[in-house]
file start_35.pdb (PDB, C-alpha atoms)
ATOM      1  CA  MET A   7      20.500  57.783-121.895  1.00  0.00           C
ATOM      2  CA  GLN A   8      18.254  55.724-119.600  1.00  0.00           C
ATOM      3  CA  ASN A   9      17.001  57.418-116.448  1.00  0.00           C
ATOM      4  CA  LYS A  10      18.020  55.734-113.199  1.00  0.00           C
ATOM      5  CA  THR A  11      15.158  55.000-110.863  1.00  0.00           C
ATOM      6  CA  SER A  12      15.551  56.339-107.337  1.00  0.00           C
ATOM      7  CA  VAL A  13      14.255  53.943-104.685  1.00  0.00           C
ATOM      8  CA  ASN A  14      14.915  54.509-100.986  1.00  0.00           C
ATOM      9  CA  VAL A  15      15.885  51.316 -99.144  1.00  0.00           C
ATOM     10  CA  THR A  16      17.481  50.381 -95.821  1.00  0.00           C
ATOM     11  CA  PRO A  17      20.962  48.823 -95.515  1.00  0.00           C
ATOM     12  CA  ALA A  18      19.409  45.560 -94.277  1.00  0.00           C
ATOM     13  CA  GLN A  19      17.177  45.366 -97.354  1.00  0.00           C
ATOM     14  CA  CYS A  20      20.208  45.895 -99.570  1.00  0.00           C
ATOM     15  CA  VAL A  21      22.050  43.036 -97.873  1.00  0.00           C
ATOM     16  CA  THR A  22      19.076  40.742 -98.498  1.00  0.00           C
ATOM     17  CA  GLU A  23      18.797  41.771-102.141  1.00  0.00           C
ATOM     18  CA  PHE A  24      22.466  41.840-103.143  1.00  0.00           C
ATOM     19  CA  GLY A  25      23.709  38.966-100.965  1.00  0.00           C
ATOM     20  CA  LYS A  26      25.120  38.485 -97.462  1.00  0.00           C
ATOM     21  CA  GLU A  27      28.324  37.117 -98.947  1.00  0.00           C
ATOM     22  CA  LYS A  28      29.032  40.514-100.530  1.00  0.00           C
ATOM     23  CA  PHE A  29      27.435  43.082 -98.191  1.00  0.00           C
ATOM     24  CA  CYS A  30      26.795  43.601 -94.497  1.00  0.00           C
ATOM     25  CA  VAL A  31      25.467  46.329 -92.181  1.00  0.00           C
ATOM     26  CA  GLN A  32      28.084  47.963 -89.978  1.00  0.00           C
ATOM     27  CA  GLY A  33      27.573  51.083 -87.896  1.00  0.00           C
ATOM     28  CA  GLY A  34      24.301  51.799 -89.716  1.00  0.00           C
ATOM     29  CA  LEU A  35      26.082  51.761 -93.103  1.00  0.00           C
ATOM     30  CA  LEU A  36      25.948  49.344 -95.996  1.00  0.00           C
ATOM     31  CA  TRP A  37      29.430  47.839 -96.224  1.00  0.00           C
ATOM     32  CA  CYS A  38      30.899  46.013 -99.217  1.00  0.00           C
ATOM     33  CA  LYS A  39      32.779  43.026 -97.789  1.00  0.00           C
ATOM     34  CA  ILE A  40      34.614  42.461-101.070  1.00  0.00           C
ATOM     35  CA  CYS A  41      35.996  45.985-101.496  1.00  0.00           C
ATOM     36  CA  ASP A  42      36.053  46.789 -97.772  1.00  0.00           C
ATOM     37  CA  VAL A  43      34.335  50.165 -98.323  1.00  0.00           C
ATOM     38  CA  PRO A  44      30.945  51.701 -97.431  1.00  0.00           C
ATOM     39  CA  VAL A  45      28.413  52.004-100.258  1.00  0.00           C
ATOM     40  CA  ASP A  46      25.580  54.530-100.475  1.00  0.00           C
ATOM     41  CA  HIS A  47      22.388  52.553 -99.824  1.00  0.00           C
ATOM     42  CA  VAL A  48      19.847  55.317-100.471  1.00  0.00           C
ATOM     43  CA  GLN A  49      19.495  54.372-104.157  1.00  0.00           C
ATOM     44  CA  GLN A  50      19.549  50.782-105.350  1.00  0.00           C
ATOM     45  CA  GLN A  51      21.058  51.926-108.648  1.00  0.00           C
ATOM     46  CA  THR A  52      24.152  53.190-106.805  1.00  0.00           C
ATOM     47  CA  ILE A  53      24.670  49.716-105.337  1.00  0.00           C
ATOM     48  CA  ALA A  54      24.107  48.088-108.711  1.00  0.00           C
ATOM     49  CA  ASP A  55      26.711  50.422-110.271  1.00  0.00           C
ATOM     50  CA  HIS A  56      29.193  49.475-107.542  1.00  0.00           C
ATOM     51  CA  VAL A  57      28.631  45.758-108.121  1.00  0.00           C
ATOM     52  CA  LEU A  58      29.197  46.221-111.861  1.00  0.00           C
ATOM     53  CA  SER A  59      32.266  48.425-111.402  1.00  0.00           C
ATOM     54  CA  LYS A  60      35.668  47.208-112.583  1.00  0.00           C
ATOM     55  CA  LYS A  61      37.182  47.587-109.103  1.00  0.00           C
ATOM     56  CA  HIS A  62      34.517  45.413-107.486  1.00  0.00           C
ATOM     57  CA  LYS A  63      34.715  42.730-110.185  1.00  0.00           C
ATOM     58  CA  THR A  64      38.528  42.594-109.900  1.00  0.00           C
ATOM     59  CA  ARG A  65      38.425  42.228-106.120  1.00  0.00           C
ATOM     60  CA  LEU A  66      35.604  39.704-106.357  1.00  0.00           C
ATOM     61  CA  GLY A  67      37.699  37.575-108.703  1.00  0.00           C
ATOM     62  CA  LYS A  68      40.631  37.646-106.278  1.00  0.00           C
ATOM     63  CA  HIS A  69      38.308  36.845-103.400  1.00  0.00           C
ATOM     64  CA  GLU A  70      36.808  33.832-105.178  1.00  0.00           C
ATOM     65  CA  ALA A  71      40.265  32.619-106.197  1.00  0.00           C
ATOM     66  CA  SER A  72      41.436  32.868-102.605  1.00  0.00           C
ATOM     67  CA  ASP A  73      38.413  30.899-101.390  1.00  0.00           C
ATOM     68  CA  ALA A  74      39.000  28.210-104.001  1.00  0.00           C
ATOM     69  CA  ALA A  75      42.642  27.876-102.957  1.00  0.00           C
ATOM     70  CA  SER A  76      41.779  27.389 -99.301  1.00  0.00           C
ATOM     71  CA  ASP A  77      38.176  26.555 -98.411  1.00  0.00           C
ATOM     72  CA  ALA A  78      39.082  26.172 -94.731  1.00  0.00           C
ATOM     73  CA  GLY A  79      41.115  29.388 -94.567  1.00  0.00           C
ATOM     74  CA  PRO A  80      40.149  32.339 -92.368  1.00  0.00           C
ATOM     75  CA  ALA A  81      37.740  34.942 -93.717  1.00  0.00           C
ATOM     76  CA  PRO A  82      39.315  38.202 -94.905  1.00  0.00           C
ATOM     77  CA  LYS A  83      39.409  40.926 -92.271  1.00  0.00           C
ATOM     78  CA  ARG A  84      37.281  44.047 -92.657  1.00  0.00           C
ATOM     79  CA  GLN A  85      38.160  47.395 -91.203  1.00  0.00           C
ATOM     80  CA  LEU A  86      35.623  48.717 -88.713  1.00  0.00           C
ATOM     81  CA  THR A  87      34.072  52.151 -88.809  1.00  0.00           C
ATOM     82  CA  VAL A  88      34.290  54.353 -85.705  1.00  0.00           C
ATOM     83  CA  VAL A  89      30.584  53.779 -85.078  1.00  0.00           C
ATOM     84  CA  GLY A  90      31.018  50.038 -85.615  1.00  0.00           C
ATOM     85  CA  CYS A  91      33.898  49.912 -83.129  1.00  0.00           C
ATOM     86  CA  ARG A  92      31.867  51.834 -80.557  1.00  0.00           C
ATOM     87  CA  GLU A  93      28.862  49.538 -80.988  1.00  0.00           C
ATOM     88  CA  ARG A  94      31.017  46.435 -80.620  1.00  0.00           C
ATOM     89  CA  MET A  95      32.745  47.794 -77.515  1.00  0.00           C
ATOM     90  CA  THR A  96      29.359  48.684 -75.999  1.00  0.00           C
ATOM     91  CA  GLU A  97      28.042  45.167 -76.646  1.00  0.00           C
ATOM     92  CA  VAL A  98      31.147  43.565 -75.118  1.00  0.00           C
ATOM     93  CA  SER A  99      30.988  45.840 -72.077  1.00  0.00           C
ATOM     94  CA  ALA A 100      27.282  45.123 -71.519  1.00  0.00           C
ATOM     95  CA  ALA A 101      27.842  41.375 -71.861  1.00  0.00           C
ATOM     96  CA  LYS A 102      30.683  41.472 -69.328  1.00  0.00           C
ATOM     97  CA  LYS A 103      28.638  43.466 -66.803  1.00  0.00           C
ATOM     98  CA  LYS A 104      25.775  40.987 -67.145  1.00  0.00           C
ATOM     99  CA  LEU A 105      28.172  38.056 -66.656  1.00  0.00           C
ATOM    100  CA  VAL A 106      29.680  39.589 -63.509  1.00  0.00           C
ATOM    101  CA  LEU A 107      26.242  40.413 -62.064  1.00  0.00           C
ATOM    102  CA  ASN A 108      25.059  36.848 -62.698  1.00  0.00           C
ATOM    103  CA  LEU A 109      28.242  35.530 -61.096  1.00  0.00           C
ATOM    104  CA  VAL A 110      27.766  37.670 -57.979  1.00  0.00           C
ATOM    105  CA  ASP A 111      24.082  36.689 -57.836  1.00  0.00           C
ATOM    106  CA  ALA A 112      24.971  32.978 -58.021  1.00  0.00           C
ATOM    107  CA  PHE A 113      27.610  33.242 -55.274  1.00  0.00           C
ATOM    108  CA  MET A 114      25.312  35.232 -52.983  1.00  0.00           C
ATOM    109  CA  SER A 115      22.367  32.883 -53.585  1.00  0.00           C
ATOM    110  CA  ALA A 116      24.566  29.883 -52.751  1.00  0.00           C
ATOM    111  CA  ASN A 117      25.941  31.725 -49.683  1.00  0.00           C
ATOM    112  CA  ILE A 118      29.501  31.496 -51.048  1.00  0.00           C
ATOM    113  CA  PRO A 119      31.844  34.329 -49.974  1.00  0.00           C
ATOM    114  CA  LEU A 120      32.948  36.466 -52.905  1.00  0.00           C
ATOM    115  CA  GLU A 121      36.519  36.213 -51.582  1.00  0.00           C
ATOM    116  CA  LYS A 122      36.566  32.707 -53.081  1.00  0.00           C
ATOM    117  CA  LEU A 123      36.818  34.376 -56.490  1.00  0.00           C
ATOM    118  CA  ASP A 124      40.277  35.667 -55.524  1.00  0.00           C
ATOM    119  CA  ASN A 125      41.570  32.094 -55.372  1.00  0.00           C
ATOM    120  CA  ALA A 126      44.212  31.550 -58.064  1.00  0.00           C
ATOM    121  CA  LYS A 127      42.707  28.249 -59.196  1.00  0.00           C
ATOM    122  CA  MET A 128      39.236  29.763 -59.384  1.00  0.00           C
ATOM    123  CA  ARG A 129      40.461  32.685 -61.504  1.00  0.00           C
ATOM    124  CA  GLU A 130      42.308  30.288 -63.799  1.00  0.00           C
ATOM    125  CA  PHE A 131      39.106  28.300 -64.239  1.00  0.00           C
ATOM    126  CA  LEU A 132      37.082  31.437 -65.047  1.00  0.00           C
ATOM    127  CA  ASP A 133      39.643  32.676 -67.574  1.00  0.00           C
ATOM    128  CA  THR A 134      39.938  29.360 -69.408  1.00  0.00           C
ATOM    129  CA  SER A 135      36.458  27.879 -69.161  1.00  0.00           C
ATOM    130  CA  ILE A 136      33.952  30.751 -69.282  1.00  0.00           C
ATOM    131  CA  LYS A 137      33.849  32.873 -72.427  1.00  0.00           C
ATOM    132  CA  GLY A 138      34.042  36.581 -71.698  1.00  0.00           C
ATOM    133  CA  SER A 139      35.074  36.132 -68.063  1.00  0.00           C
ATOM    134  CA  GLY A 140      38.522  37.643 -68.535  1.00  0.00           C
ATOM    135  CA  GLY A 141      39.172  40.470 -66.144  1.00  0.00           C
ATOM    136  CA  VAL A 142      36.496  39.550 -63.577  1.00  0.00           C
ATOM    137  CA  PRO A 143      37.073  42.055 -60.750  1.00  0.00           C
ATOM    138  CA  LEU A 144      38.514  40.977 -57.404  1.00  0.00           C
ATOM    139  CA  ALA A 145      36.254  40.499 -54.386  1.00  0.00           C
ATOM    140  CA  ASN A 146      36.789  44.025 -53.016  1.00  0.00           C
ATOM    141  CA  THR A 147      35.672  45.590 -56.294  1.00  0.00           C
ATOM    142  CA  LEU A 148      32.700  43.234 -56.534  1.00  0.00           C
ATOM    143  CA  CYS A 149      31.610  44.210 -53.029  1.00  0.00           C
ATOM    144  CA  GLU A 150      31.921  47.924 -53.776  1.00  0.00           C
ATOM    145  CA  ARG A 151      30.362  48.042 -57.250  1.00  0.00           C
ATOM    146  CA  TYR A 152      28.158  45.000 -57.772  1.00  0.00           C
ATOM    147  CA  VAL A 153      26.805  43.933 -54.371  1.00  0.00           C
ATOM    148  CA  PRO A 154      24.926  47.271 -53.962  1.00  0.00           C
ATOM    149  CA  LYS A 155      23.273  46.639 -57.344  1.00  0.00           C
ATOM    150  CA  MET A 156      22.182  43.189 -56.176  1.00  0.00           C
ATOM    151  CA  TYR A 157      20.884  44.759 -52.958  1.00  0.00           C
ATOM    152  CA  VAL A 158      18.735  47.200 -54.929  1.00  0.00           C
ATOM    153  CA  LYS A 159      17.511  44.360 -57.147  1.00  0.00           C
ATOM    154  CA  GLN A 160      16.512  42.290 -54.110  1.00  0.00           C
ATOM    155  CA  GLN A 161      14.706  45.277 -52.603  1.00  0.00           C
ATOM    156  CA  GLU A 162      12.719  45.705 -55.809  1.00  0.00           C
ATOM    157  CA  ASN A 163      11.832  41.979 -55.870  1.00  0.00           C
ATOM    158  CA  ILE A 164      10.685  42.036 -52.231  1.00  0.00           C
ATOM    159  CA  SER A 165       8.670  45.201 -52.766  1.00  0.00           C
ATOM    160  CA  LYS A 166       7.018  43.675 -55.828  1.00  0.00           C
ATOM    161  CA  LYS A 167       6.058  40.510 -53.936  1.00  0.00           C
ATOM    162  CA  LEU A 168       4.668  42.371 -50.896  1.00  0.00           C
ATOM    163  CA  THR A 169       2.871  45.218 -52.672  1.00  0.00           C
ATOM    164  CA  GLY A 170      -0.834  45.249 -51.828  1.00  0.00           C
ATOM    165  CA  GLN A 171      -0.567  42.520 -49.182  1.00  0.00           C
ATOM    166  CA  LYS A 172      -0.880  42.570 -45.414  1.00  0.00           C
ATOM    167  CA  THR A 173       2.588  41.734 -44.137  1.00  0.00           C
ATOM    168  CA  ALA A 174       4.011  40.572 -40.821  1.00  0.00           C
ATOM    169  CA  VAL A 175       7.361  42.225 -39.968  1.00  0.00           C
ATOM    170  CA  ILE A 176       9.756  40.814 -37.362  1.00  0.00           C
ATOM    171  CA  VAL A 177      12.887  42.759 -36.379  1.00  0.00           C
ATOM    172  CA  ASP A 178      15.671  41.239 -34.273  1.00  0.00           C
ATOM    173  CA  GLU A 179      18.931  42.890 -33.202  1.00  0.00           C
ATOM    174  CA  THR A 180      22.142  40.871 -33.370  1.00  0.00           C
ATOM    175  CA  THR A 181      25.870  41.252 -34.134  1.00  0.00           C
ATOM    176  CA  ASP A 182      27.913  40.198 -37.128  1.00  0.00           C
ATOM    177  CA  VAL A 183      31.311  38.468 -37.212  1.00  0.00           C
ATOM    178  CA  MET A 184      33.029  41.839 -36.709  1.00  0.00           C
ATOM    179  CA  GLY A 185      31.016  42.571 -33.567  1.00  0.00           C
ATOM    180  CA  TRP A 186      28.944  45.283 -35.256  1.00  0.00           C
ATOM    181  CA  TYR A 187      25.287  45.647 -34.318  1.00  0.00           C
ATOM    182  CA  ILE A 188      22.897  44.761 -37.119  1.00  0.00           C
ATOM    183  CA  ALA A 189      19.153  44.239 -37.429  1.00  0.00           C
ATOM    184  CA  ASN A 190      17.622  41.189 -39.038  1.00  0.00           C
ATOM    185  CA  VAL A 191      14.305  41.998 -40.678  1.00  0.00           C
ATOM    186  CA  LEU A 192      11.914  39.182 -41.610  1.00  0.00           C
ATOM    187  CA  MET A 193       8.796  39.898 -43.661  1.00  0.00           C
ATOM    188  CA  GLN A 194       6.045  37.476 -44.567  1.00  0.00           C
ATOM    189  CA  PRO A 195       2.647  38.019 -46.242  1.00  0.00           C
ATOM    190  CA  LEU A 196      -0.131  37.185 -43.770  1.00  0.00           C
ATOM    191  CA  ASP A 197      -1.902  35.191 -46.478  1.00  0.00           C
ATOM    192  CA  ALA A 198       0.712  32.484 -45.983  1.00  0.00           C
ATOM    193  CA  PHE A 199      -0.640  31.820 -42.491  1.00  0.00           C
ATOM    194  CA  GLU A 200      -4.306  31.560 -43.433  1.00  0.00           C
ATOM    195  CA  GLY A 201      -4.141  27.845 -44.129  1.00  0.00           C
ATOM    196  CA  ALA A 202      -2.372  27.138 -40.833  1.00  0.00           C
ATOM    197  CA  ALA A 203      -4.901  29.245 -38.900  1.00  0.00           C
ATOM    198  CA  ASP A 204      -7.792  27.340 -40.467  1.00  0.00           C
ATOM    199  CA  CYS A 205      -6.222  24.029 -39.484  1.00  0.00           C
ATOM    200  CA  GLN A 206      -5.781  25.143 -35.865  1.00  0.00           C
ATOM    201  CA  ALA A 207      -9.369  26.365 -35.743  1.00  0.00           C
ATOM    202  CA  LEU A 208     -10.601  22.933 -36.785  1.00  0.00           C
TER
END
call {"tool": "encode", "arguments": {"input": "start_35.pdb", "output": "structure tokens"}}
result
Amino acid sequence: MQNKTSVNVTPAQCVTEFGKEKFCVQGGLLWCKICDVPVDHVQQQTIADHVLSKKHKTRLGKHEASDAASDAGPAPKRQLTVVGCRERMTEVSAAKKKLVLNLVDAFMSANIPLEKLDNAKMREFLDTSIKGSGGVPLANTLCERYVPKMYVKQQENISKKLTGQKTAVIVDETTDVMGWYIANVLMQPLDAFEGAADCQAL
């Protein structure tokens, strides 16, 4: 009986060697797309045995026959592992948070009130025209959860720009639309005035 060589490989390497049409990496596991089962990837011989197994060959034949019958048909569905589901949900959640932050940033930069996002026509446009925009929070939620994040981001940007520079600070007291007292703070690096000072001196 021939000894089987033990070679440690990664799931991604196995996909490259045995074909993307048959295997994929899901939740850190090597997954057989034909049989819809995980396959031990530690030893290449184990994968080779799976590919040569009767079960895999039978399913592969059915898969190829199905593809030949309908080239434009949808790809067969694969069940997701718990880890795979968690990873996908995390990616979707992160993408949505980034989209909402970018949306709030764009509205604030353009000086557009976030309440405009509560408009029925606007929400219809977001849902139908922007991928992943479904469930964009209403203005109140955006103000409570996302505007503070933008405020912190702006503070960090200002601090980064002014670090190590002599800065002029102007503070002026005023009131907002609700009649509340607020303070407007203007900051400008003194280097920006050097050119103007030189011109006046001449």
call {"tool": "closest_residue", "arguments": {"input": "start_35.pdb", "among": "A:Ala189, A:Cys41, A:Thr22, A:Pro119", "to": "Lys68 in chain A", "atoms": "all atoms listed in the file"}}
result
A:Cys41
call {"tool": "closest_residue", "arguments": {"input": "start_35.pdb", "among": "A:Asp197, A:Leu58, A:Met114, A:Glu121", "to": "Lys172 in chain A", "atoms": "only C-alpha atoms"}}
result
A:Asp197
call {"tool": "atom_distance", "arguments": {"input": "start_35.pdb", "atom1": "CA of Trp186 in chain A", "atom2": "CA of Leu123 in chain A"}}
result
25.1 Å
call {"tool": "resolve_selection", "arguments": {"input": "start_35.pdb", "expression": "the PyMOL selection byres ((chain A and resi 179) around 10)", "output": "PyMOL selection string"}}
result
chain A and resi 177-178+180-181+187-191
call {"tool": "resolve_selection", "arguments": {"input": "start_35.pdb", "expression": "the PyMOL selection byres ((chain A and resi 28) around 9)", "output": "ChimeraX atom specification"}}
result
/A:21,24-27,29-30,37-41,66
call {"tool": "resolve_selection", "arguments": {"input": "start_35.pdb", "expression": "the PyMOL selection byres ((chain A and resi 194) around 7)", "output": "ChimeraX atom specification"}}
result
/A:173-175,192-193,195-196
call {"tool": "write_last_selection", "arguments": {"input": "start_35.pdb", "atoms": "C-alpha atoms", "output": "short mmCIF file (atom, residue, chain, number, x, y, z; two decimals), keeping the file's coordinate frame"}}
result
data_model
loop_
_atom_site.label_atom_id
_atom_site.label_comp_id
_atom_site.auth_asym_id
_atom_site.auth_seq_id
_atom_site.Cartn_x
_atom_site.Cartn_y
_atom_site.Cartn_z
CA THR A 173 2.59 41.73 -44.14
CA ALA A 174 4.01 40.57 -40.82
CA VAL A 175 7.36 42.22 -39.97
CA LEU A 192 11.91 39.18 -41.61
CA MET A 193 8.80 39.90 -43.66
CA PRO A 195 2.65 38.02 -46.24
CA LEU A 196 -0.13 37.18 -43.77
#
call {"tool": "axis_aligned_box", "arguments": {"input": "start_35.pdb", "around": "range 15-26 of chain A", "padding_each_side": "6 Å", "output": "lines of an AutoDock Vina configuration file"}}
result
center_x = 20.5
center_y = 44.9
center_z = -98.7
size_x = 21.2
size_y = 24.8
size_z = 20.9
call {"tool": "atom_distance", "arguments": {"input": "start_35.pdb", "atom1": "CA of Arg129 in chain A", "atom2": "CA of Pro143 in chain A"}}
result
10.0 Å
call {"tool": "closest_residue", "arguments": {"input": "start_35.pdb", "among": "A:Ile136, A:Val106, A:Val183, A:Ala54", "to": "Lys155 in chain A", "atoms": "all atoms listed in the file"}}
result
A:Val106
call {"tool": "atom_distance", "arguments": {"input": "start_35.pdb", "atom1": "CA of Lys60 in chain A", "atom2": "CA of Asp46 in chain A"}}
result
17.4 Å
call {"tool": "closest_residue", "arguments": {"input": "start_35.pdb", "among": "A:Cys20, A:Val48, A:Ile53, A:Leu107", "to": "Met156 in chain A", "atoms": "all atoms listed in the file"}}
result
A:Leu107
call {"tool": "closest_residue", "arguments": {"input": "start_35.pdb", "among": "A:Leu109, A:Tyr157, A:Ile164, A:Ala145", "to": "Lys122 in chain A", "atoms": "all atoms listed in the file"}}
result
A:Ala145
call {"tool": "closest_residue", "arguments": {"input": "start_35.pdb", "among": "A:Ala18, A:Asp133, A:Val43, A:Leu148", "to": "Phe113 in chain A", "atoms": "all atoms listed in the file"}}
result
A:Leu148
call {"tool": "decode", "arguments": {"input": "start_35.pdb", "residues": "range 150-205 of chain A", "atoms": "C-alpha atoms", "output": "mmCIF file, in the first residue's frame"}}
result
data_model
loop_
_atom_site.group_PDB
_atom_site.id
_atom_site.type_symbol
_atom_site.label_atom_id
_atom_site.label_comp_id
_atom_site.auth_asym_id
_atom_site.auth_seq_id
_atom_site.Cartn_x
_atom_site.Cartn_y
_atom_site.Cartn_z
ATOM 1 C CA GLU A 150 -28.092 61.295 17.933
ATOM 2 C CA ARG A 151 -25.762 58.569 16.650
ATOM 3 C CA TYR A 152 -23.864 59.824 13.615
ATOM 4 C CA VAL A 153 -23.477 63.602 13.954
ATOM 5 C CA PRO A 154 -21.372 63.198 17.154
ATOM 6 C CA LYS A 155 -19.059 60.860 15.216
ATOM 7 C CA MET A 156 -18.679 63.482 12.489
ATOM 8 C CA TYR A 157 -17.996 66.090 15.180
ATOM 9 C CA VAL A 158 -15.178 63.978 16.615
ATOM 10 C CA LYS A 159 -13.807 63.395 13.112
ATOM 11 C CA GLN A 160 -13.793 67.134 12.391
ATOM 12 C CA GLN A 161 -12.054 67.820 15.702
ATOM 13 C CA GLU A 162 -9.338 65.326 14.803
ATOM 14 C CA ASN A 163 -8.899 66.906 11.341
ATOM 15 C CA ILE A 164 -8.636 70.419 12.809
ATOM 16 C CA SER A 165 -6.199 69.276 15.477
ATOM 17 C CA LYS A 166 -4.065 67.559 12.843
ATOM 18 C CA LYS A 167 -3.948 70.683 10.665
ATOM 19 C CA LEU A 168 -3.101 73.047 13.551
ATOM 20 C CA THR A 169 -0.621 70.864 15.441
ATOM 21 C CA GLY A 170 2.762 72.568 15.746
ATOM 22 C CA GLN A 171 1.570 75.878 14.284
ATOM 23 C CA LYS A 172 0.996 79.290 15.810
ATOM 24 C CA THR A 173 -2.746 79.837 15.596
ATOM 25 C CA ALA A 174 -5.030 82.852 15.856
ATOM 26 C CA VAL A 175 -8.272 82.116 17.761
ATOM 27 C CA ILE A 176 -11.356 84.339 17.526
ATOM 28 C CA VAL A 177 -14.383 83.665 19.749
ATOM 29 C CA ASP A 178 -17.740 85.384 19.223
ATOM 30 C CA GLU A 179 -20.945 84.865 21.211
ATOM 31 C CA THR A 180 -24.240 84.640 19.338
ATOM 32 C CA THR A 181 -27.616 82.846 19.443
ATOM 33 C CA ASP A 182 -29.010 80.050 17.327
ATOM 34 C CA VAL A 183 -32.472 79.740 15.755
ATOM 35 C CA MET A 184 -33.857 78.470 19.078
ATOM 36 C CA GLY A 185 -32.564 81.513 20.957
ATOM 37 C CA TRP A 186 -29.853 79.530 22.753
ATOM 38 C CA TYR A 187 -26.500 81.179 23.402
ATOM 39 C CA ILE A 188 -23.641 79.645 21.449
ATOM 40 C CA ALA A 189 -20.015 80.542 20.790
ATOM 41 C CA ASN A 190 -18.515 80.659 17.330
ATOM 42 C CA VAL A 191 -14.835 79.760 17.378
ATOM 43 C CA LEU A 192 -12.636 80.615 14.387
ATOM 44 C CA MET A 193 -9.064 79.334 14.190
ATOM 45 C CA GLN A 194 -6.477 80.158 11.566
ATOM 46 C CA PRO A 195 -2.743 79.350 11.354
ATOM 47 C CA LEU A 196 -0.735 82.585 11.518
ATOM 48 C CA ASP A 197 1.376 81.389 8.593
ATOM 49 C CA ALA A 198 -1.577 82.168 6.340
ATOM 50 C CA PHE A 199 -1.166 85.875 7.084
ATOM 51 C CA GLU A 200 2.563 86.090 6.419
ATOM 52 C CA GLY A 201 2.136 86.828 2.733
ATOM 53 C CA ALA A 202 -0.425 89.563 3.407
ATOM 54 C CA ALA A 203 1.810 91.147 6.067
ATOM 55 C CA ASP A 204 4.746 91.225 3.656
ATOM 56 C CA CYS A 205 2.617 92.936 1.023
#
